[in-house]
Amino acid sequence: MVRINPDKPSQAETTKPAELESVLAAQRTAFNQDTNPSWPSRKAKLETLRELILGHEAEFIKAISDDFGHRAVEDTLISEFLVIQGGISHALKHTPKWMKTRKAPTAMQYMPAKNIIIPQPLGVIGIISPWNYPLQLAIMPLIGAIGAGNRAMIKPSEYTPRMSQLLKEVLAKGFTNEDVFVATGGVDVASAFSALPFDHLVFTGSTSVGRIVGEAAGKNLVPVTLELGGKSPVIIDESANMKLTVPRIANGKLLNAGQTCVAPDYVLMPKANINAFSDAIIQQAEAFYPKVAGNPDYTTIIADSHYARLQDLLEDAENKGAKIRVAGDDDKQQLAKERRVPLTVVTDTTPDMKIMQEEIFGPLLPVVAAETLDDAMETVQKGDRPLALYWFGENKTKRDKVLRDSISGGVSVNETAWHVVQEDIPFGGVGPSGMGAYHGEHGFKSFSHMKGVFIQSKFSQGKNLFPPYTDKTRKMIGLMKKIL
Ligand code: NAD
């Protein structure tokens with residue numbers, strides 16, 4: 001038994017670096033024997049994946065809850081199982097169309113030649129996933145990888161050892177190591193994993209580790225999809241319907257106790273409205289969770305280190321003059337014992353506070369004054385480009401300005417987080433919140449090589465540009481200049 005994380009219990013298995021290398025070699029050999037798997041074989045794998053994951057729902061719910069300390073059953077059903085089921089159904093329905101060779105236009109000067117694009121699998125995809133939605137964030141990239149005809153190796157987080165071990169055992173029931181392999185272990189295994197010469201590497205996690213993984217992959221010229229984090233702002237316009245706005249923000253912030261990459265990190269709104277909003281969102285949190293301690297609907301903070309990190313953010317903000325309001329009247333010692341944090345609204349913040357600099361990743365909600373939309377946009381622009389941005393309001397002119405002028409991975413309008421589960425739009429970050437995207441066809445394309453093919457015609461006029469160059473060649477160049 002190897003101790004992986006001081007916050008966490010031991011984990012049964014640790015994958016050795018030599019095994020990682022031999023599995024990658026075996027997957028590559030198997031891939032080379034079938035470089036473009038047929039739709040029936042991809043379909044069978046997607047169906048197997050669906051059966052295995054949905055067929056072990058109760059075990060996954062328990063393993064994830066035990067890894068967290070407590071994870072609300074419904075949080076797991078909504079954010080892991082419904083998302084995976086939606087992703088597989090979408091892939092089963094649309095992959096045959098995405099796989100097809102596509103016709104592409106041919107510019108007039110090259111006619112009557114033809115252009116086509118052939119989507120081809122890349123080979124072996126590496127997937128490194130975080131602890132916060134440990135199943136979904138391992139399986140959603142896997143759906144894209146399998147749909148695109150690849151083989152895959154997964155390294156889940158050391159913070160969820162029970163879920164990782166279960167995933168390894170469950171996937172082994174339907175897949176050989178040459179198809180899908182799950183590596184388990186600590187950061188040392190993750191580090192060795194990220195140094196493997198995959199055909200593509202998908203990393204979901206923090207921006208700081210993303211930099212390390214990007215560097216490791218770069219050494220082998222492995223292309224990466226980096227799904228990272230950051231501070232995702234909410235802008236509340238004066239035109240917003242607060243009856244709809246408050247519960248939607250509270251839900252986005254409190255699902256999984258705020259441990260969500262796209263959770264609203266902080267709110268921007270006119271100063272005069274901050275008190276009323278703070279009252280309303282505290283009341284809303286109390287209506288959602290009348291008690292936090294012992295409440296089966298409320299998820300715990302994953303580990304002591306993360307609990308201490310959140311307490312430190314609050315202490316730092318309070319020491320620098322912030323005002324803090326906590327939802328409910330739970331006993332503080334009991335909350336600490338259970339590692340649960342109620343919604344905590346933080347006002348009168350200043351930019352030097354850690355809570356305004358670091359991704360919060362917990363149920364703490366700074367509410368910051370921004371008198372106008374321009375003020376709010378300026379505050380957002382001063383920070384890193386966020387993974388998500390939320391705008392609440394009914395004023396279409398302002399909405400269009402936000403959509404046109406702000407840069408973020410994705411946006412939900414009059415909602416939080418739901419853009420993530422739309423299979424028909426890309427999900428990914430921009431700048432420090434990530435690079436590349438997946439989900440639906442965007443995942444298929446990320447894990448495929450879209451091979452461009454030019455098919456020359458026997459009637460090609462290209463011979464007019466062959467040497468030796470003569471007046472006829474120069475005339476031809478002149479003619480082409482005119483038509484381009
Ligand atoms: P993390 O960066 O600490 O860990 C992510 C994964 O990286 C884990 O599997 C871990 O084992 C591995 N890892 C750690 N050190 C490594 C190293 N040196 N080399 C290679 N791999 C290494 O992130 P976390 O704490 O698990 O998750 C929280 C972060 O992930 C937050 O920042 C959150 O916003 C982000 N996140 C992003 C998305 C998204 O889709 N964009 C989704 C969920 C979480």
# chains A, B, ... in the order shown; residues from 1 in each chain; ligands from 1
call {"tool": "select_by_dssp", "arguments": {"residues": "region 111-319 of chain A", "states": "alpha helix (DSSP H)", "output": "ChimeraX atom specification"}}
result
/A:136-147,161-172,187-194,207-219,242-254,274-288,304-319
call {"tool": "closest_atom_pairs", "arguments": {"of": "region 98-131 of chain A", "to": "region 22-46 of chain A", "cutoff": "9 Å", "atoms": "only C-alpha atoms", "output": "tab-separated table"}}
result
residue	atom	partner	partner_atom	distance
A:Met99	CA	A:Trp39	CA	8.2
A:Gln120	CA	A:Asn36	CA	6.6
A:Pro121	CA	A:Asn36	CA	6.4
A:Leu122	CA	A:Thr35	CA	8.5
A:Gly123	CA	A:Phe31	CA	6.1
A:Val124	CA	A:Arg28	CA	6.5
call {"tool": "write_last_selection", "arguments": {"atoms": "N, CA and C atoms", "output": "PDB file, in the first residue's frame"}}
result
ATOM      1  N   MET A  99     -17.540  11.061 -39.238  1.00  0.00           N
ATOM      2  CA  MET A  99     -16.452  10.216 -39.779  1.00  0.00           C
ATOM      3  C   MET A  99     -16.309  10.308 -41.282  1.00  0.00           C
ATOM      4  N   GLN A 120      -9.187  11.260 -39.779  1.00  0.00           N
ATOM      5  CA  GLN A 120      -8.479  10.032 -39.421  1.00  0.00           C
ATOM      6  C   GLN A 120      -8.181  10.009 -37.934  1.00  0.00           C
ATOM      7  N   PRO A 121      -8.244   8.844 -37.306  1.00  0.00           N
ATOM      8  CA  PRO A 121      -7.863   8.755 -35.895  1.00  0.00           C
ATOM      9  C   PRO A 121      -6.396   9.153 -35.733  1.00  0.00           C
ATOM     10  N   LEU A 122      -6.044   9.665 -34.546  1.00  0.00           N
ATOM     11  CA  LEU A 122      -4.654  10.071 -34.312  1.00  0.00           C
ATOM     12  C   LEU A 122      -3.801   8.912 -33.832  1.00  0.00           C
ATOM     13  N   GLY A 123      -4.397   8.012 -33.036  1.00  0.00           N
ATOM     14  CA  GLY A 123      -3.632   6.880 -32.497  1.00  0.00           C
ATOM     15  C   GLY A 123      -3.978   6.639 -31.042  1.00  0.00           C
ATOM     16  N   VAL A 124      -3.073   7.053 -30.138  1.00  0.00           N
ATOM     17  CA  VAL A 124      -3.306   6.846 -28.708  1.00  0.00           C
ATOM     18  C   VAL A 124      -3.449   8.213 -28.028  1.00  0.00           C
TER      19      VAL A 124
END
call {"tool": "residues_around", "arguments": {"residues": "Asn295 (chain A)", "least_positions_apart": "5", "cutoff": "10 Å", "atoms": "only C-alpha atoms", "output": "PDB file with all heavy atoms, in the first residue's frame"}}
result
ATOM      1  N   HIS A  70     -18.133  13.276   1.754  1.00  0.00           N
ATOM      2  CA  HIS A  70     -19.528  13.078   1.358  1.00  0.00           C
ATOM      3  C   HIS A  70     -19.776  13.843   0.065  1.00  0.00           C
ATOM      4  O   HIS A  70     -19.455  15.028  -0.035  1.00  0.00           O
ATOM      5  CB  HIS A  70     -20.496  13.583   2.442  1.00  0.00           C
ATOM      6  CG  HIS A  70     -21.926  13.517   1.970  1.00  0.00           C
ATOM      7  ND1 HIS A  70     -22.645  12.338   1.945  1.00  0.00           N
ATOM      8  CD2 HIS A  70     -22.736  14.460   1.431  1.00  0.00           C
ATOM      9  CE1 HIS A  70     -23.843  12.570   1.436  1.00  0.00           C
ATOM     10  NE2 HIS A  70     -23.925  13.845   1.118  1.00  0.00           N
ATOM     11  N   ALA A  72     -23.077  14.598  -2.425  1.00  0.00           N
ATOM     12  CA  ALA A  72     -24.526  14.411  -2.586  1.00  0.00           C
ATOM     13  C   ALA A  72     -24.780  13.481  -3.775  1.00  0.00           C
ATOM     14  O   ALA A  72     -24.205  13.673  -4.853  1.00  0.00           O
ATOM     15  CB  ALA A  72     -25.200  15.755  -2.812  1.00  0.00           C
ATOM     16  N   TYR A 289     -30.464  24.697   1.281  1.00  0.00           N
ATOM     17  CA  TYR A 289     -29.836  23.840   2.307  1.00  0.00           C
ATOM     18  C   TYR A 289     -30.134  24.427   3.689  1.00  0.00           C
ATOM     19  O   TYR A 289     -29.311  25.187   4.235  1.00  0.00           O
ATOM     20  CB  TYR A 289     -28.313  23.783   2.097  1.00  0.00           C
ATOM     21  CG  TYR A 289     -27.903  23.436   0.677  1.00  0.00           C
ATOM     22  CD1 TYR A 289     -27.488  24.428  -0.212  1.00  0.00           C
ATOM     23  CD2 TYR A 289     -27.946  22.116   0.218  1.00  0.00           C
ATOM     24  CE1 TYR A 289     -27.121  24.119  -1.516  1.00  0.00           C
ATOM     25  CE2 TYR A 289     -27.572  21.808  -1.088  1.00  0.00           C
ATOM     26  CZ  TYR A 289     -27.168  22.811  -1.945  1.00  0.00           C
ATOM     27  OH  TYR A 289     -26.799  22.515  -3.227  1.00  0.00           O
ATOM     28  N   PRO A 290     -31.321  24.096   4.266  1.00  0.00           N
ATOM     29  CA  PRO A 290     -31.680  24.687   5.569  1.00  0.00           C
ATOM     30  C   PRO A 290     -30.608  24.427   6.629  1.00  0.00           C
ATOM     31  O   PRO A 290     -30.396  25.235   7.516  1.00  0.00           O
ATOM     32  CB  PRO A 290     -32.995  23.986   5.915  1.00  0.00           C
ATOM     33  CG  PRO A 290     -33.541  23.523   4.611  1.00  0.00           C
ATOM     34  CD  PRO A 290     -32.366  23.227   3.737  1.00  0.00           C
ATOM     35  N   THR A 300     -19.118  17.809   0.638  1.00  0.00           N
ATOM     36  CA  THR A 300     -18.025  18.289   1.497  1.00  0.00           C
ATOM     37  C   THR A 300     -16.844  18.777   0.642  1.00  0.00           C
ATOM     38  O   THR A 300     -16.751  18.477  -0.548  1.00  0.00           O
ATOM     39  CB  THR A 300     -17.512  17.153   2.406  1.00  0.00           C
ATOM     40  OG1 THR A 300     -17.147  16.049   1.586  1.00  0.00           O
ATOM     41  CG2 THR A 300     -18.575  16.704   3.387  1.00  0.00           C
ATOM     42  N   ARG A 340     -17.354  20.967   5.779  1.00  0.00           N
ATOM     43  CA  ARG A 340     -18.390  21.587   4.943  1.00  0.00           C
ATOM     44  C   ARG A 340     -18.325  23.099   5.130  1.00  0.00           C
ATOM     45  O   ARG A 340     -18.124  23.582   6.248  1.00  0.00           O
ATOM     46  CB  ARG A 340     -19.776  21.087   5.350  1.00  0.00           C
ATOM     47  CG  ARG A 340     -20.036  19.676   4.872  1.00  0.00           C
ATOM     48  CD  ARG A 340     -21.487  19.331   5.110  1.00  0.00           C
ATOM     49  NE  ARG A 340     -21.600  17.976   5.573  1.00  0.00           N
ATOM     50  CZ  ARG A 340     -22.306  17.024   4.965  1.00  0.00           C
ATOM     51  NH1 ARG A 340     -22.971  17.270   3.881  1.00  0.00           N
ATOM     52  NH2 ARG A 340     -22.356  15.814   5.467  1.00  0.00           N
TER      53      ARG A 340
END
call {"tool": "closest_atom_pairs", "arguments": {"of": "chain A", "to": "ligand 1", "cutoff": "8 Å", "atoms": "only C-alpha atoms and all ligand atoms", "output": "tab-separated table"}}
result
residue	atom	partner	partner_atom_place_in_ligand_line	distance
A:Ile128	CA	ligand 1	9 (O)	5.3
A:Ser129	CA	ligand 1	9 (O)	4.6
A:Pro130	CA	ligand 1	26 (O)	3.4
A:Trp131	CA	ligand 1	26 (O)	4.6
A:Asn132	CA	ligand 1	27 (O)	6.0
A:Tyr133	CA	ligand 1	43 (C)	6.6
A:Leu137	CA	ligand 1	42 (C)	6.8
A:Lys155	CA	ligand 1	9 (O)	6.1
A:Pro156	CA	ligand 1	9 (O)	4.7
A:Ser157	CA	ligand 1	9 (O)	3.3
A:Glu158	CA	ligand 1	11 (O)	5.3
A:Tyr159	CA	ligand 1	26 (O)	7.3
A:Gly185	CA	ligand 1	11 (O)	8.0
A:Gly186	CA	ligand 1	11 (O)	6.0
A:Val187	CA	ligand 1	11 (O)	4.8
A:Asp188	CA	ligand 1	17 (C)	7.2
A:Val189	CA	ligand 1	11 (O)	7.7
A:Ala190	CA	ligand 1	21 (N)	4.2
A:Ser191	CA	ligand 1	19 (N)	3.7
A:Ala192	CA	ligand 1	20 (C)	7.2
A:Phe193	CA	ligand 1	20 (C)	6.9
A:Ser194	CA	ligand 1	20 (C)	5.3
A:Phe203	CA	ligand 1	6 (C)	7.1
A:Thr204	CA	ligand 1	37 (C)	5.2
A:Gly205	CA	ligand 1	30 (O)	3.1
A:Ser206	CA	ligand 1	32 (O)	3.4
A:Thr207	CA	ligand 1	32 (O)	6.1
A:Ser208	CA	ligand 1	2 (O)	6.6
A:Val209	CA	ligand 1	2 (O)	4.6
A:Gly210	CA	ligand 1	2 (O)	6.4
A:Ile212	CA	ligand 1	18 (N)	6.0
A:Val213	CA	ligand 1	20 (C)	5.3
A:Ala216	CA	ligand 1	19 (N)	8.0
A:Leu226	CA	ligand 1	41 (N)	7.4
A:Glu227	CA	ligand 1	41 (N)	3.7
A:Leu228	CA	ligand 1	41 (N)	4.0
A:Gly229	CA	ligand 1	34 (O)	3.1
A:Gly230	CA	ligand 1	34 (O)	5.7
A:Gln259	CA	ligand 1	28 (C)	7.7
A:Thr260	CA	ligand 1	43 (C)	6.1
A:Cys261	CA	ligand 1	34 (O)	3.5
A:Val262	CA	ligand 1	34 (O)	6.8
A:Glu359	CA	ligand 1	32 (O)	6.8
A:Phe361	CA	ligand 1	31 (C)	6.9
A:Leu387	CA	ligand 1	41 (N)	6.7
A:Phe427	CA	ligand 1	40 (O)	7.6
A:Gly428	CA	ligand 1	41 (N)	6.2
A:Gly429	CA	ligand 1	41 (N)	6.4
A:Ser433	CA	ligand 1	41 (N)	6.8
A:Gly434	CA	ligand 1	41 (N)	6.8
call {"tool": "closest_atom_pairs", "arguments": {"of": "region 101-163 of chain A", "to": "region 172-179 of chain A", "cutoff": "12 Å", "atoms": "only C-alpha atoms", "output": "tab-separated table"}}
result
residue	atom	partner	partner_atom	distance
A:Gly123	CA	A:Asp179	CA	10.7
A:Val124	CA	A:Asp179	CA	9.1
A:Ile125	CA	A:Asp179	CA	10.6
A:Leu142	CA	A:Asp179	CA	10.9
A:Ala145	CA	A:Asp179	CA	10.8
A:Ile146	CA	A:Asp179	CA	9.0
A:Gly149	CA	A:Asp179	CA	10.3
A:Asn150	CA	A:Asp179	CA	8.2
A:Arg151	CA	A:Asp179	CA	5.1
A:Ala152	CA	A:Asp179	CA	6.5
A:Met153	CA	A:Asp179	CA	8.4
A:Ile154	CA	A:Asn177	CA	11.0
call {"tool": "write_last_selection", "arguments": {"atoms": "C-alpha atoms", "output": "CSV table (one decimal), in the first residue's frame"}}
result
chain,number,residue,atom,x,y,z
A,123,GLY,CA,-3.6,6.9,-32.5
A,124,VAL,CA,-3.3,6.8,-28.7
A,125,ILE,CA,-4.9,9.6,-26.7
A,142,LEU,CA,-12.7,9.2,-23.7
A,145,ALA,CA,-11.3,9.6,-28.3
A,146,ILE,CA,-13.2,6.4,-29.0
A,149,GLY,CA,-11.3,5.8,-33.6
A,150,ASN,CA,-8.5,6.1,-31.1
A,151,ARG,CA,-7.1,4.1,-28.2
A,152,ALA,CA,-6.8,5.8,-24.8
A,153,MET,CA,-4.9,5.8,-21.6
A,154,ILE,CA,-6.4,7.6,-18.6
call {"tool": "closest_residue", "arguments": {"among": "A:Gly126, A:Pro141, A:Gly328, A:Pro270", "to": "Asp199 (chain A)", "atoms": "only C-alpha atoms"}}
result
A:Gly126
call {"tool": "closest_residue", "arguments": {"among": "A:Gly462, A:Gly431, A:Pro223, A:Gly147", "to": "Lys97 (chain A)", "atoms": "only C-alpha atoms"}}
result
A:Gly147
call {"tool": "select_by_dssp", "arguments": {"residues": "region 36-266 of chain A", "states": "strand (DSSP E or B)", "output": "ChimeraX atom specification"}}
result
/A:102-104,114-121,124-128,151-155,180-182,200-204,224-227,233-236,266
call {"tool": "atom_distance", "arguments": {"atom1": "CA of Asn414 (chain A)", "atom2": "CA of Leu244 (chain A)"}}
result
8.1 Å
call {"tool": "closest_residue", "arguments": {"among": "A:Met111, A:Leu171, A:Ile274, A:Val224", "to": "His56 (chain A)", "atoms": "only C-alpha atoms"}}
result
A:Leu171
call {"tool": "atom_distance", "arguments": {"atom1": "CA of Val420 (chain A)", "atom2": "CA of Ile249 (chain A)"}}
result
15.2 Å
call {"tool": "atom_distance", "arguments": {"atom1": "CA of Gly214 (chain A)", "atom2": "CA of Gln381 (chain A)"}}
result
24.4 Å
call {"tool": "residues_around", "arguments": {"residues": "Asn251 (chain A)", "least_positions_apart": "3", "cutoff": "10 Å", "atoms": "only C-alpha atoms", "output": "PyMOL selection string"}}
result
chain A and resi 246-248+254-258+263-264+281+284-285+288+415-417
call {"tool": "closest_atom_pairs", "arguments": {"of": "region 80-130 of chain A", "to": "region 463-481 of chain A", "cutoff": "12 Å", "atoms": "only C-alpha atoms", "output": "Markdown table"}}
result
| residue | atom | partner | partner_atom | distance |
| --- | --- | --- | --- | --- |
| A:Ala107 | CA | A:Met480 | CA | 11.5 |
| A:Met108 | CA | A:Met480 | CA | 9.9 |
| A:Gln109 | CA | A:Met480 | CA | 7.2 |
| A:Tyr110 | CA | A:Met480 | CA | 10.5 |
call {"tool": "closest_residue", "arguments": {"among": "A:Glu238, A:Glu378, A:Asp316, A:Asp66", "to": "Asp352 (chain A)", "atoms": "only C-alpha atoms"}}
result
A:Asp316
call {"tool": "closest_residue", "arguments": {"among": "A:Ile455, A:Ala437, A:Leu484, A:Met356", "to": "Asn115 (chain A)", "atoms": "only C-alpha atoms"}}
result
A:Ile455
call {"tool": "residues_around", "arguments": {"residues": "Gln136 (chain A)", "least_positions_apart": "2", "cutoff": "9 Å", "atoms": "only C-alpha atoms", "output": "NGL selection string"}}
result
:A and (79-81 or 83-84 or 133-134 or 138-141)
call {"tool": "closest_residue", "arguments": {"among": "A:Leu167, A:Val267, A:Met353, A:Ile143", "to": "Glu315 (chain A)", "atoms": "only C-alpha atoms"}}
result
A:Met353
call {"tool": "residues_around", "arguments": {"residues": "His306 (chain A)", "least_positions_apart": "5", "cutoff": "9 Å", "atoms": "only C-alpha atoms", "output": "MDAnalysis selection string"}}
result
chainID A and resid 301 311 361:362
call {"tool": "write_last_selection", "arguments": {"atoms": "C-alpha atoms", "output": "PDB file, in the first residue's frame"}}
result
ATOM      1  CA  ILE A 301     -14.715  19.925   0.630  1.00  0.00           C
ATOM      2  CA  GLN A 311     -10.334  29.298   5.445  1.00  0.00           C
ATOM      3  CA  PHE A 361     -13.002  26.621  -6.035  1.00  0.00           C
ATOM      4  CA  GLY A 362     -15.373  26.551  -3.073  1.00  0.00           C
TER       5      GLY A 362
END
call {"tool": "residues_around", "arguments": {"residues": "Pro351 (chain A)", "least_positions_apart": "3", "cutoff": "12 Å", "atoms": "only C-alpha atoms", "output": "list in words"}}
result
Asp316, Ala317, Lys320, Gly321, Ala322, Thr347, Asp348, Lys354, Ile355, Met356, Gln357, Glu358, Pro366, Val368, Ala369, Thr379, Val380, Lys382 and Gly383 of chain A
call {"tool": "write_last_selection", "arguments": {"atoms": "N, CA and C atoms", "output": "PDB file, in the first residue's frame"}}
result
ATOM      1  N   ASP A 316      -7.604  36.015   5.136  1.00  0.00           N
ATOM      2  CA  ASP A 316      -6.835  37.055   4.453  1.00  0.00           C
ATOM      3  C   ASP A 316      -7.754  38.223   4.054  1.00  0.00           C
ATOM      4  N   ALA A 317      -8.952  37.886   3.537  1.00  0.00           N
ATOM      5  CA  ALA A 317      -9.889  38.930   3.114  1.00  0.00           C
ATOM      6  C   ALA A 317     -10.366  39.730   4.335  1.00  0.00           C
ATOM      7  N   LYS A 320      -7.901  42.126   5.652  1.00  0.00           N
ATOM      8  CA  LYS A 320      -7.674  43.293   4.787  1.00  0.00           C
ATOM      9  C   LYS A 320      -8.936  44.141   4.656  1.00  0.00           C
ATOM     10  N   GLY A 321      -9.951  43.870   5.490  1.00  0.00           N
ATOM     11  CA  GLY A 321     -11.111  44.765   5.566  1.00  0.00           C
ATOM     12  C   GLY A 321     -12.394  44.287   4.906  1.00  0.00           C
ATOM     13  N   ALA A 322     -12.437  43.038   4.407  1.00  0.00           N
ATOM     14  CA  ALA A 322     -13.671  42.560   3.765  1.00  0.00           C
ATOM     15  C   ALA A 322     -14.733  42.238   4.821  1.00  0.00           C
ATOM     16  N   THR A 347     -17.985  40.846   0.881  1.00  0.00           N
ATOM     17  CA  THR A 347     -18.131  42.177   0.255  1.00  0.00           C
ATOM     18  C   THR A 347     -16.990  43.088   0.719  1.00  0.00           C
ATOM     19  N   ASP A 348     -16.939  44.294   0.139  1.00  0.00           N
ATOM     20  CA  ASP A 348     -15.860  45.261   0.442  1.00  0.00           C
ATOM     21  C   ASP A 348     -14.487  44.657   0.168  1.00  0.00           C
ATOM     22  N   LYS A 354      -6.263  37.794  -1.507  1.00  0.00           N
ATOM     23  CA  LYS A 354      -6.023  36.531  -2.240  1.00  0.00           C
ATOM     24  C   LYS A 354      -7.308  36.024  -2.898  1.00  0.00           C
ATOM     25  N   ILE A 355      -8.439  36.289  -2.231  1.00  0.00           N
ATOM     26  CA  ILE A 355      -9.725  35.794  -2.751  1.00  0.00           C
ATOM     27  C   ILE A 355     -10.069  36.445  -4.099  1.00  0.00           C
ATOM     28  N   MET A 356      -9.450  37.627  -4.366  1.00  0.00           N
ATOM     29  CA  MET A 356      -9.677  38.289  -5.652  1.00  0.00           C
ATOM     30  C   MET A 356      -8.561  37.987  -6.654  1.00  0.00           C
ATOM     31  N   GLN A 357      -7.618  37.165  -6.236  1.00  0.00           N
ATOM     32  CA  GLN A 357      -6.500  36.862  -7.139  1.00  0.00           C
ATOM     33  C   GLN A 357      -6.483  35.396  -7.580  1.00  0.00           C
ATOM     34  N   GLU A 358      -6.863  34.506  -6.651  1.00  0.00           N
ATOM     35  CA  GLU A 358      -6.788  33.066  -6.941  1.00  0.00           C
ATOM     36  C   GLU A 358      -8.178  32.510  -7.278  1.00  0.00           C
ATOM     37  N   PRO A 366     -17.316  36.433  -3.498  1.00  0.00           N
ATOM     38  CA  PRO A 366     -17.116  37.878  -3.435  1.00  0.00           C
ATOM     39  C   PRO A 366     -18.132  38.601  -4.324  1.00  0.00           C
ATOM     40  N   VAL A 368     -18.610  42.281  -5.923  1.00  0.00           N
ATOM     41  CA  VAL A 368     -17.726  43.430  -6.153  1.00  0.00           C
ATOM     42  C   VAL A 368     -18.499  44.528  -6.885  1.00  0.00           C
ATOM     43  N   ALA A 369     -18.251  45.790  -6.495  1.00  0.00           N
ATOM     44  CA  ALA A 369     -18.963  46.907  -7.126  1.00  0.00           C
ATOM     45  C   ALA A 369     -18.427  47.196  -8.522  1.00  0.00           C
ATOM     46  N   THR A 379     -12.836  45.360 -15.174  1.00  0.00           N
ATOM     47  CA  THR A 379     -12.374  44.495 -14.074  1.00  0.00           C
ATOM     48  C   THR A 379     -12.050  43.102 -14.612  1.00  0.00           C
ATOM     49  N   VAL A 380     -12.930  42.575 -15.472  1.00  0.00           N
ATOM     50  CA  VAL A 380     -12.700  41.232 -16.021  1.00  0.00           C
ATOM     51  C   VAL A 380     -11.417  41.228 -16.859  1.00  0.00           C
ATOM     52  N   LYS A 382      -8.809  42.993 -16.617  1.00  0.00           N
ATOM     53  CA  LYS A 382      -7.558  43.110 -15.851  1.00  0.00           C
ATOM     54  C   LYS A 382      -7.036  41.743 -15.431  1.00  0.00           C
ATOM     55  N   GLY A 383      -7.934  40.767 -15.326  1.00  0.00           N
ATOM     56  CA  GLY A 383      -7.519  39.422 -14.919  1.00  0.00           C
ATOM     57  C   GLY A 383      -7.219  38.554 -16.130  1.00  0.00           C
TER      58      GLY A 383
END
call {"tool": "decode", "arguments": {"residues": "region 307-326 of chain A", "atoms": "C-alpha atoms", "output": "compact mmCIF listing (two decimals), in the first residue's frame"}}
result
# COMPACT_ATOMS: atom_id res chain seq x y z
CA TYR A 307 -10.59 23.24 3.51
CA ALA A 308 -7.59 25.07 5.03
CA ARG A 309 -7.03 26.91 1.72
CA LEU A 310 -10.61 28.25 1.77
CA GLN A 311 -10.33 29.30 5.44
CA ASP A 312 -7.09 31.07 4.58
CA LEU A 313 -8.76 32.98 1.71
CA LEU A 314 -11.45 34.18 4.15
CA GLU A 315 -8.98 35.11 6.90
CA ASP A 316 -6.83 37.06 4.45
CA ALA A 317 -9.89 38.93 3.11
CA GLU A 318 -11.18 39.71 6.63
CA ASN A 319 -7.75 40.92 7.77
CA LYS A 320 -7.67 43.29 4.79
CA GLY A 321 -11.11 44.76 5.57
CA ALA A 322 -13.67 42.56 3.76
CA LYS A 323 -17.10 41.90 5.29
CA ILE A 324 -18.19 38.27 5.54
CA ARG A 325 -21.68 36.79 5.80
CA VAL A 326 -22.26 33.08 6.19
